[in-house]
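So this one's target.cif, mmCIF, C-alpha atoms:
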```cif
data_data
#
loop_
_atom_site.label_atom_id
_atom_site.label_comp_id
_atom_site.auth_asym_id
_atom_site.auth_seq_id
_atom_site.Cartn_x
_atom_site.Cartn_y
_atom_site.Cartn_z
CA MET A 184 -9.01 20.24 -28.01
CA THR A 185 -11.84 21.57 -25.88
CA ILE A 186 -12.74 21.53 -22.22
CA THR A 187 -15.86 19.46 -21.67
CA HIS A 188 -16.26 19.40 -17.90
CA GLN A 189 -17.38 22.16 -15.58
CA THR A 190 -14.96 23.32 -12.89
CA LEU A 191 -16.07 25.14 -9.76
CA GLN A 192 -15.22 28.69 -10.77
CA GLN A 193 -13.87 31.14 -8.26
CA ASP A 194 -16.42 31.89 -5.54
CA THR A 195 -19.39 31.06 -7.75
CA THR A 196 -22.10 28.58 -6.88
CA ALA A 197 -25.76 28.45 -7.74
CA PRO A 198 -27.86 30.49 -5.29
CA ASP A 199 -29.44 27.33 -3.90
CA GLU A 200 -26.19 25.33 -3.80
CA SER A 201 -23.58 25.56 -1.06
CA VAL A 202 -19.84 25.27 -1.60
CA GLU A 203 -19.93 21.98 0.29
CA GLU A 204 -22.61 20.59 -2.03
CA ARG A 205 -20.69 21.63 -5.12
CA VAL A 206 -17.46 20.10 -3.84
CA LEU A 207 -19.25 16.84 -3.08
CA ALA A 208 -20.66 16.86 -6.62
CA LEU A 209 -17.12 17.26 -7.97
CA ALA A 210 -15.99 14.38 -5.78
CA GLU A 211 -18.75 12.17 -7.18
CA GLU A 212 -17.60 13.07 -10.68
CA SER A 213 -14.04 12.19 -9.67
CA LYS A 214 -15.20 8.84 -8.31
CA THR A 215 -16.83 7.97 -11.61
CA ALA A 216 -13.74 9.05 -13.52
CA SER A 217 -11.45 7.07 -11.21
CA ARG A 218 -13.07 3.80 -12.23
CA ILE A 219 -12.40 4.57 -15.89
CA LEU A 220 -8.81 5.63 -15.19
CA ALA A 221 -8.20 2.47 -13.17
CA ALA A 222 -9.27 0.36 -16.15
CA SER A 223 -7.39 2.44 -18.73
CA THR A 224 -4.25 1.36 -20.53
CA VAL A 225 -0.92 2.85 -19.60
CA SER A 226 -0.54 4.04 -23.20
CA SER A 227 -3.66 6.19 -22.87
CA ARG A 228 -2.50 7.61 -19.53
CA ASN A 229 0.89 8.42 -21.00
CA ALA A 230 -0.82 9.99 -23.99
CA ALA A 231 -2.76 12.26 -21.64
CA LEU A 232 0.46 13.39 -19.97
CA LEU A 233 2.21 14.09 -23.24
CA ALA A 234 -0.85 15.88 -24.63
CA THR A 235 -0.90 18.06 -21.52
CA CYS A 236 2.74 18.83 -22.19
CA GLU A 237 1.83 20.07 -25.67
CA VAL A 238 -1.03 22.16 -24.34
CA LEU A 239 1.18 23.79 -21.72
CA HIS A 240 3.68 24.65 -24.42
CA GLU A 241 0.97 26.15 -26.66
CA ARG A 242 -0.71 28.09 -23.86
CA ARG A 243 2.36 29.30 -21.97
CA ASP A 244 1.50 32.95 -22.63
CA LEU A 245 -1.96 32.46 -21.12
CA LEU A 246 -0.40 30.70 -18.14
CA LEU A 247 2.03 33.55 -17.58
CA GLU A 248 -0.81 36.08 -17.81
CA ALA A 249 -2.86 34.18 -15.23
CA ASN A 250 0.17 33.92 -12.97
CA THR A 251 0.85 37.64 -13.35
CA ARG A 252 -2.65 38.36 -12.03
CA ASP A 253 -1.90 36.21 -8.99
CA MET A 254 1.45 37.92 -8.48
CA VAL A 255 -0.10 41.40 -8.66
CA LYS A 256 -2.74 40.43 -6.12
CA GLY A 257 -0.10 38.83 -3.92
CA ARG A 258 1.95 42.01 -3.83
CA GLU A 259 -1.14 44.10 -3.13
CA THR A 260 -2.08 41.88 -0.18
CA GLY A 261 1.44 41.91 1.25
CA LEU A 262 2.45 38.33 0.48
CA GLU A 263 5.92 37.62 1.84
CA PRO A 264 8.82 37.56 -0.67
CA ALA A 265 9.44 33.84 -0.09
CA LEU A 266 5.80 33.03 -0.88
CA LEU A 267 5.86 35.30 -3.93
CA ASP A 268 8.88 33.39 -5.17
CA ARG A 269 7.04 30.07 -4.76
CA LEU A 270 4.00 31.52 -6.48
CA GLU A 271 5.77 32.80 -9.57
CA LEU A 272 5.64 30.85 -12.85
CA THR A 273 8.62 31.87 -14.96
CA PRO A 274 9.34 30.56 -18.47
CA ALA A 275 12.04 28.36 -16.92
CA ARG A 276 9.60 26.93 -14.40
CA ILE A 277 7.09 26.17 -17.14
CA GLU A 278 9.88 24.31 -18.95
CA GLY A 279 10.35 22.39 -15.73
CA LEU A 280 6.68 21.40 -15.79
CA LEU A 281 7.05 20.11 -19.35
CA THR A 282 10.05 18.05 -18.27
CA ASN A 283 8.11 16.70 -15.28
CA LEU A 284 5.27 15.48 -17.51
CA GLN A 285 7.70 13.80 -19.90
CA GLN A 286 9.57 12.11 -17.06
CA VAL A 287 6.41 10.78 -15.43
CA ALA A 288 5.18 9.47 -18.78
CA ALA A 289 8.47 7.56 -19.12
CA LEU A 290 8.15 5.84 -15.73
CA PRO A 291 7.11 2.16 -15.52
CA ASP A 292 3.40 1.48 -15.11
CA PRO A 293 2.66 0.83 -11.42
CA VAL A 294 -0.81 -0.60 -12.08
CA GLY A 295 -1.80 -4.20 -12.71
CA ALA A 296 1.41 -6.00 -11.85
CA ILE A 297 0.85 -9.31 -10.06
CA ASP A 298 3.51 -10.36 -7.57
CA ASP A 299 4.16 -13.04 -4.96
CA VAL A 300 2.13 -15.71 -6.76
CA ARG A 301 2.19 -18.92 -4.72
CA THR A 302 0.54 -22.30 -5.18
CA MET A 303 -1.26 -23.30 -2.00
CA PRO A 304 -1.83 -26.87 -0.71
CA SER A 305 -5.41 -26.66 -1.99
CA GLY A 306 -4.11 -26.12 -5.54
CA ILE A 307 -5.21 -22.49 -5.93
CA GLN A 308 -2.66 -19.85 -6.87
CA VAL A 309 -2.68 -16.68 -4.77
CA GLY A 310 -0.97 -13.40 -5.68
CA LYS A 311 -1.19 -9.66 -5.15
CA MET A 312 -2.19 -7.16 -7.84
CA ARG A 313 -1.25 -3.49 -7.58
CA VAL A 314 -4.28 -1.21 -8.05
CA PRO A 315 -4.99 2.55 -7.85
CA LEU A 316 -6.33 4.04 -4.63
CA GLY A 317 -9.22 5.84 -6.38
CA VAL A 318 -9.78 9.56 -5.70
CA ILE A 319 -6.91 11.53 -4.22
CA ALA A 320 -7.45 15.04 -2.91
CA ILE A 321 -4.32 17.19 -2.80
CA ILE A 322 -4.48 20.35 -0.69
CA TYR A 323 -1.52 22.67 -1.07
CA GLU A 324 -0.24 26.21 -0.69
CA SER A 325 1.46 28.79 -2.89
CA ARG A 326 3.23 26.70 -5.52
CA PRO A 327 1.14 26.30 -8.72
CA ASN A 328 3.67 23.78 -10.09
CA VAL A 329 2.20 21.30 -7.58
CA THR A 330 -0.95 21.33 -9.73
CA ILE A 331 0.94 19.67 -12.57
CA GLU A 332 3.25 17.53 -10.46
CA ALA A 333 0.50 16.03 -8.32
CA ALA A 334 -1.96 15.56 -11.17
CA SER A 335 0.63 13.86 -13.38
CA LEU A 336 1.42 11.28 -10.71
CA CYS A 337 -2.26 10.63 -10.09
CA ILE A 338 -3.00 10.17 -13.80
CA LYS A 339 -0.02 7.85 -14.31
CA SER A 340 -1.08 5.68 -11.35
CA GLY A 341 -4.69 5.48 -12.54
CA ASN A 342 -6.15 7.75 -9.87
CA ALA A 343 -8.45 10.74 -10.16
CA ALA A 344 -7.12 13.99 -8.67
CA LEU A 345 -9.07 16.67 -6.83
CA LEU A 346 -6.78 19.69 -6.51
CA ARG A 347 -7.34 22.48 -4.01
CA GLY A 348 -4.51 25.00 -4.15
CA GLY A 349 -4.02 28.12 -2.07
CA SER A 350 -6.14 31.20 -2.68
CA GLU A 351 -3.03 33.17 -3.67
CA ALA A 352 -2.59 30.93 -6.76
CA ILE A 353 -6.23 30.65 -7.82
CA GLU A 354 -5.81 32.10 -11.35
CA SER A 355 -2.70 30.03 -12.07
CA ASN A 356 -4.27 26.81 -10.81
CA ILE A 357 -7.42 27.26 -12.87
CA ALA A 358 -5.33 27.84 -16.01
CA LEU A 359 -3.14 24.79 -15.32
CA GLY A 360 -6.20 22.69 -14.54
CA GLU A 361 -7.69 23.55 -17.92
CA CYS A 362 -4.50 22.32 -19.61
CA LEU A 363 -4.70 19.03 -17.73
CA VAL A 364 -8.33 18.53 -18.75
CA MET A 365 -7.47 19.22 -22.36
CA GLY A 366 -4.74 16.59 -22.14
CA LEU A 367 -7.17 14.03 -20.73
CA ASN A 368 -9.70 14.82 -23.44
CA ALA A 369 -7.09 14.41 -26.16
CA ALA A 370 -6.31 10.91 -24.87
CA GLY A 371 -9.97 9.91 -24.62
CA LEU A 372 -9.95 9.87 -20.82
CA PRO A 373 -12.65 11.42 -18.63
CA SER A 374 -12.44 15.13 -17.81
CA GLY A 375 -13.28 14.37 -14.21
CA GLY A 376 -9.93 12.65 -13.86
CA VAL A 377 -8.42 16.00 -12.81
CA GLN A 378 -10.51 18.74 -11.24
CA VAL A 379 -9.39 22.01 -9.72
CA VAL A 380 -11.60 23.03 -6.82
CA ALA A 381 -11.41 26.64 -7.84
CA THR A 382 -12.81 28.48 -4.88
CA THR A 383 -11.13 30.48 -2.15
CA ASP A 384 -13.83 29.50 0.35
CA ARG A 385 -12.26 27.45 3.15
CA ALA A 386 -15.44 25.44 3.44
CA ALA A 387 -14.26 23.56 0.34
CA VAL A 388 -11.34 22.06 2.31
CA GLY A 389 -13.65 20.89 5.07
CA ALA A 390 -15.90 19.23 2.53
CA LEU A 391 -13.00 17.47 0.81
CA ILE A 392 -11.39 16.03 3.92
CA THR A 393 -14.67 14.61 5.24
CA ALA A 394 -15.98 13.17 1.95
CA SER A 395 -15.30 9.59 3.06
CA ASP A 396 -17.75 8.08 0.57
CA THR A 397 -15.95 9.47 -2.47
CA VAL A 398 -12.43 10.59 -1.55
CA ASP A 399 -9.97 7.78 -0.79
CA MET A 400 -6.94 9.76 0.41
CA VAL A 401 -5.99 13.33 1.26
CA ILE A 402 -2.44 14.57 0.73
CA PRO A 403 -1.69 17.97 2.28
CA ARG A 404 1.38 19.79 0.99
CA GLY A 405 2.35 22.90 2.85
CA GLY A 406 3.35 24.22 6.22
CA LYS A 407 2.96 22.50 9.54
CA GLY A 408 -0.14 24.54 10.40
CA LEU A 409 -2.00 23.40 7.28
CA ILE A 410 -1.09 19.76 7.84
CA GLU A 411 -2.07 19.84 11.51
CA ARG A 412 -5.46 21.37 10.69
CA ILE A 413 -6.21 18.81 8.02
CA SER A 414 -4.99 15.86 10.08
CA GLY A 415 -7.06 16.97 13.06
CA SER A 416 -10.31 17.33 11.13
CA ALA A 417 -10.16 14.75 8.34
CA THR A 418 -12.26 11.61 8.28
CA VAL A 419 -10.54 10.57 5.03
CA PRO A 420 -7.10 8.90 5.45
CA VAL A 421 -4.30 11.51 5.34
CA LEU A 422 -0.80 10.92 3.96
CA LYS A 423 1.39 13.41 5.81
CA HIS A 424 4.50 14.54 7.55
CA LEU A 425 4.52 17.45 9.97
CA ASP A 426 8.19 18.20 10.60
CA GLY A 427 11.59 17.29 9.26
CA ILE A 428 13.68 17.25 12.42
CA CYS A 429 16.56 15.25 10.95
CA HIS A 430 19.67 14.05 12.81
CA VAL A 431 23.22 13.06 11.94
CA TYR A 432 25.13 11.09 14.59
CA LEU A 433 28.93 10.94 14.54
CA HIS A 434 29.90 7.63 16.16
CA ASP A 435 33.18 7.00 18.01
CA ASP A 436 35.06 5.95 14.88
CA ALA A 437 33.48 8.26 12.34
CA ASP A 438 35.88 9.01 9.50
CA PRO A 439 36.70 12.75 9.90
CA GLU A 440 36.66 13.51 6.18
CA LYS A 441 33.35 11.73 5.64
CA ALA A 442 31.88 13.34 8.75
CA LEU A 443 32.79 16.87 7.68
CA GLY A 444 31.44 16.43 4.14
CA ILE A 445 28.20 14.77 5.26
CA VAL A 446 27.39 17.29 7.99
CA VAL A 447 28.14 20.35 5.86
CA ASN A 448 26.14 18.99 2.93
CA ALA A 449 23.21 17.86 5.07
CA LYS A 450 22.93 21.30 6.63
CA THR A 451 23.91 23.75 3.91
CA GLN A 452 23.08 22.20 0.53
CA ARG A 453 19.59 23.67 0.98
CA TYR A 454 18.20 25.18 4.16
CA GLY A 455 14.47 25.12 3.52
CA THR A 456 13.82 21.43 2.81
CA CYS A 457 12.33 18.79 5.08
CA ASN A 458 15.40 16.53 4.74
CA THR A 459 17.88 19.18 5.88
CA LEU A 460 19.93 18.41 8.99
CA GLU A 461 18.60 20.19 12.10
CA THR A 462 20.44 18.46 14.99
CA LEU A 463 23.98 17.10 15.03
CA LEU A 464 24.80 14.48 17.67
CA VAL A 465 28.47 13.80 18.39
CA ALA A 466 29.82 10.91 20.45
CA GLU A 467 32.17 12.01 23.21
CA ALA A 468 34.81 9.73 21.71
CA ALA A 469 34.52 11.62 18.39
CA SER A 470 34.27 15.07 19.94
CA GLN A 471 37.75 16.06 18.71
CA GLN A 472 36.13 16.37 15.25
CA LEU A 473 33.63 18.99 16.39
CA PRO A 474 35.85 22.13 16.27
CA VAL A 475 36.69 21.62 12.59
CA ILE A 476 33.06 20.92 11.69
CA ALA A 477 31.82 23.88 13.70
CA ARG A 478 34.34 26.24 12.10
CA SER A 479 33.35 25.08 8.59
CA LEU A 480 29.66 25.63 9.31
CA ALA A 481 30.25 29.01 10.95
CA GLU A 482 32.25 30.18 7.95
CA LEU A 483 29.24 29.32 5.80
CA GLY A 484 27.03 31.53 7.97
CA VAL A 485 25.33 28.85 10.05
CA GLU A 486 24.36 29.86 13.58
CA LEU A 487 25.38 27.07 15.96
CA ARG A 488 23.50 26.31 19.17
CA GLY A 489 25.03 23.73 21.44
CA CYS A 490 24.92 21.93 24.76
CA ASP A 491 27.44 22.96 27.44
CA ARG A 492 29.96 20.31 26.36
CA ALA A 493 29.72 21.32 22.67
CA ARG A 494 30.33 24.96 23.60
CA GLU A 495 33.39 23.96 25.65
CA LEU A 496 34.82 22.22 22.60
CA SER A 497 34.28 25.03 20.08
CA GLY A 498 34.14 28.77 20.38
CA ASP A 499 32.16 28.86 17.13
CA ILE A 500 29.17 27.43 18.99
CA SER A 501 28.09 30.74 20.44
CA VAL A 502 24.52 30.11 21.57
CA ALA A 503 23.38 27.77 24.35
CA ALA A 504 20.85 25.23 23.05
CA THR A 505 17.54 25.08 24.89
CA GLU A 506 15.00 22.29 25.18
CA GLU A 507 13.00 24.00 22.44
CA ASP A 508 15.94 23.74 20.02
CA TRP A 509 15.86 19.94 20.07
CA HIS A 510 12.17 20.13 19.03
CA THR A 511 12.70 22.70 16.25
CA GLU A 512 12.76 22.33 12.48
CA TYR A 513 14.62 25.54 11.64
CA LEU A 514 14.43 25.52 7.83
CA ALA A 515 17.16 28.15 8.17
CA PRO A 516 20.96 28.42 8.65
CA ILE A 517 20.73 27.31 12.28
CA LEU A 518 21.98 24.00 13.71
CA SER A 519 21.66 22.53 17.19
CA ILE A 520 24.55 20.37 18.43
CA LYS A 521 24.72 17.92 21.31
CA VAL A 522 27.59 15.78 22.58
CA VAL A 523 26.33 12.37 23.74
CA ALA A 524 27.97 9.50 25.59
CA ASP A 525 27.46 6.75 23.03
CA VAL A 526 25.17 5.29 20.37
CA ASP A 527 22.53 4.39 22.96
CA ALA A 528 22.34 8.01 24.10
CA ALA A 529 22.15 9.15 20.48
CA MET A 530 19.29 6.77 19.68
CA GLU A 531 17.48 7.81 22.87
CA HIS A 532 17.75 11.46 21.82
CA ILE A 533 16.45 10.62 18.35
CA ALA A 534 13.55 8.60 19.79
CA THR A 535 12.62 11.57 21.99
CA TYR A 536 12.95 14.47 19.55
CA SER A 537 12.90 13.16 15.97
CA SER A 538 9.90 13.73 13.74
CA GLY A 539 10.50 10.32 12.15
CA HIS A 540 11.76 11.73 8.86
CA THR A 541 15.46 10.96 8.29
CA GLU A 542 18.46 10.07 10.48
CA SER A 543 22.04 9.22 9.51
CA ILE A 544 24.98 7.64 11.32
CA VAL A 545 28.61 8.28 10.36
CA THR A 546 30.72 5.30 11.40
CA GLU A 547 33.21 2.73 10.17
CA ASN A 548 31.82 0.14 12.59
CA HIS A 549 29.55 -2.20 10.62
CA SER A 550 27.82 -3.81 13.61
CA VAL A 551 27.00 -0.43 15.18
CA ALA A 552 25.75 0.86 11.83
CA MET A 553 23.43 -2.11 11.38
CA ARG A 554 22.13 -1.75 14.92
CA PHE A 555 21.37 1.92 14.19
CA LEU A 556 19.46 0.86 11.04
CA ARG A 557 17.38 -1.67 12.97
CA GLN A 558 16.58 0.38 16.05
CA VAL A 559 16.05 3.93 14.77
CA ASP A 560 12.38 4.26 13.85
CA SER A 561 12.27 6.84 11.06
CA SER A 562 11.06 6.69 7.47
CA SER A 563 14.66 6.88 6.16
CA VAL A 564 17.74 5.70 8.08
CA MET A 565 21.18 6.07 6.51
CA ILE A 566 24.79 5.02 6.98
CA ASN A 567 27.54 7.44 5.94
CA ALA A 568 25.28 9.57 3.75
CA SER A 569 23.75 13.04 3.83
CA THR A 570 20.12 13.32 4.92
CA ARG A 571 19.55 15.36 1.74
CA PHE A 572 19.31 12.07 -0.16
CA ALA A 573 15.87 11.40 1.37
CA ASP A 574 14.07 12.26 -1.82
CA GLY A 575 11.93 10.39 -4.34
CA PHE A 576 14.14 11.22 -7.30
CA GLU A 577 17.33 10.22 -5.42
CA TYR A 578 15.66 6.94 -4.39
CA GLY A 579 14.91 6.07 -7.99
CA LEU A 580 11.17 6.69 -7.76
CA GLY A 581 11.31 9.12 -10.69
CA ALA A 582 9.10 11.62 -8.91
CA GLU A 583 7.35 11.99 -5.58
CA ILE A 584 4.08 13.43 -4.38
CA GLY A 585 5.44 13.98 -0.89
CA ILE A 586 7.20 12.31 2.02
CA SER A 587 5.26 10.33 4.59
CA THR A 588 6.32 9.87 8.19
CA ASP A 589 3.25 7.72 8.87
CA LYS A 590 3.71 3.98 9.34
CA LEU A 591 0.69 2.70 7.43
CA HIS A 592 0.34 2.27 3.66
CA ALA A 593 3.33 4.36 2.52
CA ARG A 594 6.39 5.60 4.39
CA GLY A 595 9.22 7.87 3.26
CA PRO A 596 9.25 9.42 -0.23
CA VAL A 597 5.96 8.56 -1.93
CA GLY A 598 6.16 7.89 -5.65
CA LEU A 599 3.80 6.13 -8.02
CA GLU A 600 3.72 2.90 -6.03
CA GLY A 601 2.69 4.87 -2.94
CA LEU A 602 -0.43 5.99 -4.83
CA THR A 603 -1.50 2.39 -5.25
CA SER A 604 -2.56 -0.44 -2.99
CA CYS A 605 -2.73 -4.21 -3.41
CA LYS A 606 -5.58 -6.65 -3.70
CA TYR A 607 -5.33 -10.42 -3.52
CA VAL A 608 -6.06 -12.31 -6.73
CA VAL A 609 -6.75 -16.05 -6.87
CA PHE A 610 -6.36 -18.39 -9.86
CA GLY A 611 -8.24 -21.64 -9.81
CA ASP A 612 -9.54 -24.31 -12.16
CA GLY A 613 -12.82 -25.38 -10.63
CA HIS A 614 -11.30 -25.57 -7.16
CA ILE A 615 -13.72 -25.83 -4.23
CA ARG A 616 -12.86 -25.63 -0.55
CA GLN A 617 -13.13 -28.95 1.29
#
```
Written form, structure tokens:
Amino acid sequence: MTITHQTLQQDTTAPDESVEERVLALAEESKTASRILAASTVSSRNAALLATCEVLHERRDLLLEANTRDMVKGRETGLEPALLDRLELTPARIEGLLTNLQQVAALPDPVGAIDDVRTMPSGIQVGKMRVPLGVIAIIYESRPNVTIEAASLCIKSGNAALLRGGSEAIESNIALGECLVMGLNAAGLPSGGVQVVATTDRAAVGALITASDTVDMVIPRGGKGLIERISGSATVPVLKHLDGICHVYLHDDADPEKALGIVVNAKTQRYGTCNTLETLLVAEAASQQLPVIARSLAELGVELRGCDRARELSGDISVAATEEDWHTEYLAPILSIKVVADVDAAMEHIATYSSGHTESIVTENHSVAMRFLRQVDSSSVMINASTRFADGFEYGLGAEIGISTDKLHARGPVGLEGLTSCKYVVFGDGHIRQ
């Protein structure tokens, strides 16, 4: 297998060609490739994924060498330990990439299905066909595994992928991109189906997010700062979420055992994820449950910040919550707690402070639970379940490219279907409109 397309190598362009011009040329190549991918069979797309899996296995030593160069540079430039951890490709993480490719290949084909076919009074039949979006640009930081994860979902859904990773992972991303291209070539699919924009020049990002003629969607994956910058400057549609300020509300008749398990899991199962609990709301009528919950969290090392009433109820809530706390996604062992009068007060708090990601109610009252589902306007709303379930794999999507808190096109965990759209198709037999 050989690489037949030309990637934009690190910080190299022709003397008379700007970074912006080169990126736009790559986008044009992606556009051409996207039409071929959209018309391809699912067997050929799966073959590309499985061939990439083989290439990754064969070239794992080269991948580790490239990643080592990134790691050395990261340490020299003072990259924080958490970012170094995200950057590192270990043998176990490469095995995880192989598993990811195999799992995506095994997922049902999202392209070409025709649904909702109806016969109209005129005699025509009208339905909706699921189709790829086209060219998807993914802009991300630190984690080179995103290169494989994002590209595999794009290939499976018949889209072309333009990948712009962080400068700290440039060597790793180029090496992974070469493996993806070799997989495409082996399956007879165009090399332009996956392209790594391999430059550390920030002008490349500006070119990608304003290439409205060729790029159909931008998906930023990274910190809030990155997503805000892209969302504020892009002319291409952006699939995004900024914060994960998630709430759990304990209603009057919340089952104490369920409440304790859900709150502890939602907060402590992992601290650094966007679906981790950040604010606990407790109904006054259920406030007798708070001391036990607070003690359990404190014993696990969680710093508790509460309103005056919450602090009266539990000595483990040692810090007074401020207005800023209700707005904060901690991504750390910190939890803000507020005692509220009733479900209306809880929903008002959520409407004011939530980022629209995930909220959960703990209650045995079915009518209240259903009202909470209807009225809380977030991408995932749950009854008697941990917010940590807000995840593409847990929702049966197989894999996800991110979580969207937007209301248009896709909302919540975005899997293969979220990388497609629908077009109307009409079946007739010589029908003419009267």
With all atoms listed in the file as the counted atoms, please give the residues lying no more than 10 Å from Thr273 of chain A, apart from itself and same-chain residues fewer than 2 positions off, as a ChimeraX atom specification.
/A:243,246-247,250-251,268,270-271,275-279
If I take atom CA of Asp253 of chain A and atom CA of Val329 of chain A, how far is one from the other in Å, to one decimal?
15.5 Å
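Here, the PyMOL selection byres ((chain A and resi 283) around 10) matches Leu232, Cys236, Ile277, Glu278, Gly279, Leu280, Leu281, Thr282, Leu284, Gln285, Gln286, Val287, Ala288, Ala289, Asn328, Ile331, Glu332, Ser335, Leu336, Gly581 and Ala582 of chain A.
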With all atoms listed in the file as the counted atoms, please give the residues lying no more than 10 Å from segment 398-410 of chain A, apart from itself and same-chain residues fewer than 3 positions off, as a ChimeraX atom specification.
/A:207,210-211,213-214,316-326,329,333,342-349,391-395,413-415,417-426,584-587,602
Counting all atoms listed in the file, what is within 8 Å of Ala358 of chain A, bar same-chain residues fewer than 4 positions away, as a VMD selection string?
chain A and resid 245 to 246 249 354 362
Check what the PyMOL selection byres ((chain A and resi 538) around 8) selects in the file above and give those residues as number ranges by chain.
A: 425-429, 536-537, 539-540, 561, 588
Can you list, as a compact mmCIF listing (two decimals) with C-alpha atoms, keeping the file's coordinate frame, every protein, DNA or RNA residue that comes within 12 Å of Ser226 of chain A when you count all atoms listed in the file, leaving out same-chain residues fewer than 6 positions away?
```txt
# COMPACT_ATOMS: atom_id res chain seq x y z
CA LEU A 220 -8.81 5.63 -15.19
CA LEU A 232 0.46 13.39 -19.97
CA LEU A 233 2.21 14.09 -23.24
CA ALA A 234 -0.85 15.88 -24.63
CA ALA A 288 5.18 9.47 -18.78
CA ALA A 289 8.47 7.56 -19.12
CA LEU A 290 8.15 5.84 -15.73
CA PRO A 291 7.11 2.16 -15.52
CA ASP A 292 3.40 1.48 -15.11
CA ILE A 338 -3.00 10.17 -13.80
CA LYS A 339 -0.02 7.85 -14.31
CA SER A 340 -1.08 5.68 -11.35
CA GLY A 341 -4.69 5.48 -12.54
CA ALA A 370 -6.31 10.91 -24.87
CA GLY A 371 -9.97 9.91 -24.62
CA LEU A 372 -9.95 9.87 -20.82
```
Residues of segment 517-555 of chain A that approach segment 471-491 of chain A to 9 Å or less, counting all atoms listed in the file: could you list each one with the shortest pair of atoms and its distance in Å to one decimal, rows by chain and increasing residue number, as JSON lines?
```
{"residue": "A:Ile517", "atom": "CA", "partner": "A:Glu486", "partner_atom": "CA", "distance": 4.6}
{"residue": "A:Leu518", "atom": "CA", "partner": "A:Leu487", "partner_atom": "CA", "distance": 5.1}
{"residue": "A:Ser519", "atom": "CA", "partner": "A:Arg488", "partner_atom": "CA", "distance": 4.6}
{"residue": "A:Ile520", "atom": "CA", "partner": "A:Gly489", "partner_atom": "CA", "distance": 4.5}
{"residue": "A:Lys521", "atom": "CA", "partner": "A:Cys490", "partner_atom": "CA", "distance": 5.3}
{"residue": "A:Val522", "atom": "CA", "partner": "A:Cys490", "partner_atom": "CA", "distance": 7.1}
```
Spell out the residues picked by the PyMOL selection byres ((chain A and resi 434) around 12) here, as number ranges by chain.
A: 431-433, 435-439, 441-442, 463-473, 522-530, 543-552, 555, 566-567
Just how far from atom CA of Val609 of chain A is atom CA of Asp298 of chain A, in Å to one decimal?
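A separation of 11.8 Å between them.
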Atom pair atom CA of Met303 of chain A / atom CA of Gly613 of chain A: separation (Å):
14.6 Å
Nearest residue to Val446 of chain A from the set A:Thr462, A:Asn368, A:Thr302, A:Ser497 (distances using only C-alpha atoms)
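Looking only at the distances to Val446 of chain A, the closest residue turns out to be A:Thr462.
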Mind listing as a ChimeraX atom specification all residues within 12 Å of (5.2, -5.4, -10.6), counting only C-alpha atoms?
/A:291-300,310-314,599-600,603-605
